[in-house]
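**Q** Have a look at this one.
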Amino acid sequence: MTLLNLRKRTWQSAALSVFIILFPATPLFCGSAPIEPDSTKALRVLFIGNSLTYSNDLPSIVEALAKATGQRKFAHKTIAFPNFSLEDHWNKRDARKAIMKGEWDFVVLQQGPSASKEGRALLIEYSRRFADEIRRIGARPALYSVWPSAIRMRDIGGVSESYRQAADDVDGLVFPVGEAWLGAWRVDPSIALYSEDGFHPSTTGSYLAGIVIYEQLYKRSPVGLPSELKLSSGARIQIPADQALLLQLAAEEANKLSGRR
């Protein structure tokens with residue numbers, strides 16, 4: 001048995017034992033009576049980004065997770081356009097107007113991988129500019145740390161470092177989604193997190209992004225989250241239960257290692 005297979009078996013077995021203890025005889029998704037939320041005040045989040053944010057309707061995945069687990073309502077708005085950087089958003093002004101109009105709790109910033117020296121500098125500069133606007137309304141900035149294309153996976157460390165530096169610079173949260181992807185692949189390299197184009201996320205990849213964000217915003221472990229979701233659009237997400245558990249553990253580990261809460 002290879003080391004990878006041994007680690008995979010040990011991790012999955014231990015995780016399944018924890019899951020059974022915490023959630024005995026409880027299905028991952030219950031379609032019966034909804035769980036009553038623990039607060040009537042919504043958590044309001046604005047997403048500013050590009051197709052890596054709007055693919056598979058990522059904000060609605062977080063919304064569905066919150067609803068299924070009885071958390072505060074997740075109220076969200078997305079300002080995202082294909083291939084947009086934060087500089088593009090700054091110049092277009094739509095995002096700045098949305099910040100000022102909404103009573104947001106968090107504003108999530110995302111651009112491309114930004115592993116290059118120039119990309120990192122722009123990410124940090126425009127994160128800082130947006131953070132000034134975000135702080136002005138009493139909200140907190142968050143950086144959605146993405147991933148490189150499949151053919152540039154060697155850049156994954158640089159991507160994570162760019163977003164970490166931007167988050168440090170504005171004292172914001174960082175959602176280490178690229179690191180969670182990498183953690184999942186270390187256990188099972190066959191998990192299809194990319195879509196067919198080798199850059200945008202598959203539904204599974206967006207699900208993993210959603211549970212990373214859910215854990216940070218709601219301060220709840222992602223282990224035991226539903227593997228089947230119905231989004232507000234009517235779209236459905238169905239992840240095999242054993243694979244969902246692996247993804248949940250990868251999200252939890254990445255968030256723990258990120259060190260920013």
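Ordering of the structure tokens sets the chain letters (A, B, ...), residue numbers begin anew at 1 in every chain, and ligands are numbered from 1 in the order given.
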Where does range 36-110 of chain A meet range 140-145 of chain A within 7 Å, residue by residue, with the nearest atom pair and distance in Å to one decimal for each, counting only C-alpha atoms, listed by chain and rising number, as a Markdown table?
**A**
| residue | atom | partner | partner_atom | distance |
| --- | --- | --- | --- | --- |
| A:Asp105 | CA | A:Arg140 | CA | 6.4 |
| A:Phe106 | CA | A:Arg140 | CA | 4.8 |
| A:Val107 | CA | A:Pro141 | CA | 5.0 |
| A:Val108 | CA | A:Ala142 | CA | 4.6 |
| A:Leu109 | CA | A:Leu143 | CA | 5.0 |
| A:Gln110 | CA | A:Tyr144 | CA | 5.2 |
**Q** Any idea what's packed within 7 Å of Phe199 in chain A, counting only C-alpha atoms, ignoring anything in its chain fewer than 4 positions away? Could you give it as a list in words?
**A** Ser149, Ala150, Tyr194 and Ser195 of chain A
**Q** Those residues you just picked out, can you put them in a file as a CSV table (one decimal), in the first residue's frame with C-alpha atoms?
**A**
chain,number,residue,atom,x,y,z
A,149,SER,CA,-4.8,27.1,-14.4
A,150,ALA,CA,-4.1,23.4,-14.6
A,194,TYR,CA,-11.5,22.0,-12.6
A,195,SER,CA,-14.1,22.2,-15.4
**Q** Could you tell me how far CA of Phe84 in chain A lies from CA of Tyr126 in chain A, in Å and to one decimal?
**A**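 Interatomic distance, CA of Phe84 in chain A to CA of Tyr126 in chain A: 12.4 Å.
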**Q** Could you check which of A:Lys67, A:Leu247, A:Asn56, A:Ser160 is closest to Val187 in chain A, using only C-alpha atoms?
**A**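 Closest to Val187 in chain A of all the choices is A:Leu247.
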**Q** May I have the residues within 9 Å of Glu253 in chain A as a list in words, using only C-alpha atoms and disregarding those fewer than 4 positions away in the same chain?
**A**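 Answer for this query is Ala180, Gly183, Gln248, Leu249, Leu257 and Ser258 of chain A.
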**Q** Using only C-alpha atoms, please write the residues we just selected to a file, as a PDB file, in the first residue's frame.
**A**
ATOM      1  CA  ALA A 180      -8.053  23.615  -0.021  1.00  0.00           C
ATOM      2  CA  GLY A 183      -5.177  19.570   0.114  1.00  0.00           C
ATOM      3  CA  GLN A 248     -14.893  19.250   4.074  1.00  0.00           C
ATOM      4  CA  LEU A 249     -11.745  18.041   5.815  1.00  0.00           C
ATOM      5  CA  LEU A 257      -3.381  26.681   8.250  1.00  0.00           C
ATOM      6  CA  SER A 258      -4.249  30.077   6.784  1.00  0.00           C
TER       7      SER A 258
END
**Q** Please provide the set of residues having any atom within 9 Å of Gly112 in chain A, restricted to only C-alpha atoms, with same-chain residues fewer than 6 positions apart removed, written as an MDAnalysis selection string.
**A** chainID A and resid 49:50 52 83:85 119 123 146:148 159
**Q** Based on the selection just made, write N, CA and C atoms of those residues as a short mmCIF file (atom, residue, chain, number, x, y, z; two decimals), in the first residue's frame.
**A**
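New file part_10.cif:
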data_model
loop_
_atom_site.label_atom_id
_atom_site.label_comp_id
_atom_site.auth_asym_id
_atom_site.auth_seq_id
_atom_site.Cartn_x
_atom_site.Cartn_y
_atom_site.Cartn_z
N GLY A 49 -15.67 40.34 -8.18
CA GLY A 49 -14.70 39.45 -8.81
C GLY A 49 -14.96 39.24 -10.28
N ASN A 50 -14.69 38.03 -10.73
CA ASN A 50 -14.88 37.69 -12.14
C ASN A 50 -15.53 36.31 -12.25
N LEU A 52 -14.48 33.41 -11.82
CA LEU A 52 -14.16 32.44 -10.78
C LEU A 52 -15.09 32.58 -9.58
N ASN A 83 -13.00 38.12 -16.83
CA ASN A 83 -11.63 38.60 -16.95
C ASN A 83 -11.35 39.90 -16.19
N PHE A 84 -12.20 40.30 -15.31
CA PHE A 84 -12.00 41.55 -14.59
C PHE A 84 -10.99 41.40 -13.47
N SER A 85 -10.12 42.41 -13.35
CA SER A 85 -9.24 42.53 -12.19
C SER A 85 -9.87 43.52 -11.22
N GLY A 119 1.09 41.15 -11.09
CA GLY A 119 -0.24 40.79 -10.62
C GLY A 119 -0.38 40.95 -9.12
N LEU A 123 -2.94 43.45 -7.17
CA LEU A 123 -3.87 42.88 -6.20
C LEU A 123 -3.77 43.62 -4.87
N VAL A 146 -7.71 32.24 -4.99
CA VAL A 146 -8.11 31.26 -6.01
C VAL A 146 -6.96 30.30 -6.33
N TRP A 147 -6.80 29.92 -7.58
CA TRP A 147 -5.87 28.88 -8.01
C TRP A 147 -5.38 29.25 -9.41
N PRO A 148 -4.26 28.71 -9.85
CA PRO A 148 -3.82 28.91 -11.23
C PRO A 148 -4.51 27.93 -12.17
N VAL A 159 0.30 32.12 -5.94
CA VAL A 159 -1.07 32.63 -5.87
C VAL A 159 -1.47 32.84 -4.41
#
**Q** Please return as JSON, numbers by chain: the residues of range 183-253 of chain A that backbone DSSP assigns to helix (DSSP H, G or I).
**A** {"A": [183, 184, 185, 186, 187, 203, 204, 205, 206, 207, 208, 209, 210, 211, 212, 213, 214, 215, 216, 217, 218, 241, 242, 243, 244, 245, 246, 247, 248, 249, 250, 251, 252, 253]}
**Q** Could you check which of A:Thr53, A:Gly259, A:Val223, A:His89 is closest to Leu173 in chain A, using only C-alpha atoms?
**A**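 Checking each candidate against Leu173 in chain A, we get A:Gly259 as the closest.
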**Q** Measuring atom to atom with only C-alpha atoms, identify which of A:Tyr218, A:Phe74, A:Tyr163, A:Phe130 is nearest to Met100 in chain A.
**A**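 For Met100 in chain A, the nearest of the candidates is A:Phe130.
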**Q** Could you please determine the separation between CA of Ser221 in chain A and CA of Gly172 in chain A in Å, to one decimal place?
**A**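 Atom-to-atom, CA of Ser221 in chain A to CA of Gly172 in chain A, that is 20.1 Å.
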**Q** Go through range 73-106 of chain A and collect every residue that DSSP, computed from the backbone, puts in strand (DSSP E or B); the answer should be as a list in words.
**A**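 Result set for range 73-106 of chain A (strand (DSSP E or B)): Phe74, Ala75, His76, Lys77, Thr78, Ile79, Ala80 and Phe106 of chain A.
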**Q** Can you tell me, as a list in words, what residues are no more than 7 Å from Ala209 in chain A when counting only C-alpha atoms, ignoring any on the same chain fewer than 4 positions away?
**A**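 So the residues in contact are Val177, Gly205 and Ile213 of chain A.
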**Q** Keeping only C-alpha atoms, write those residues as a short mmCIF file (atom, residue, chain, number, x, y, z; two decimals), in the first residue's frame.
**A**
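Printed below is result20.cif as written:
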data_model
loop_
_atom_site.label_atom_id
_atom_site.label_comp_id
_atom_site.auth_asym_id
_atom_site.auth_seq_id
_atom_site.Cartn_x
_atom_site.Cartn_y
_atom_site.Cartn_z
CA VAL A 177 -9.63 28.01 -1.63
CA GLY A 205 -14.57 22.84 -7.11
CA ILE A 213 -16.11 30.51 2.85
#
**Q** With only C-alpha atoms as the counted atoms, please give the residues lying no more than 9 Å from Tyr214 in chain A, apart from itself and same-chain residues fewer than 5 positions off, as a PyMOL selection string.
**A** chain A and resi 62-63+65-66+209+219-222
**Q** Nearest to Tyr207 in chain A: which of A:Ser162, A:Ala192, A:Ile237, A:Leu231 is it, counting only C-alpha atoms?
**A** A:Ile237
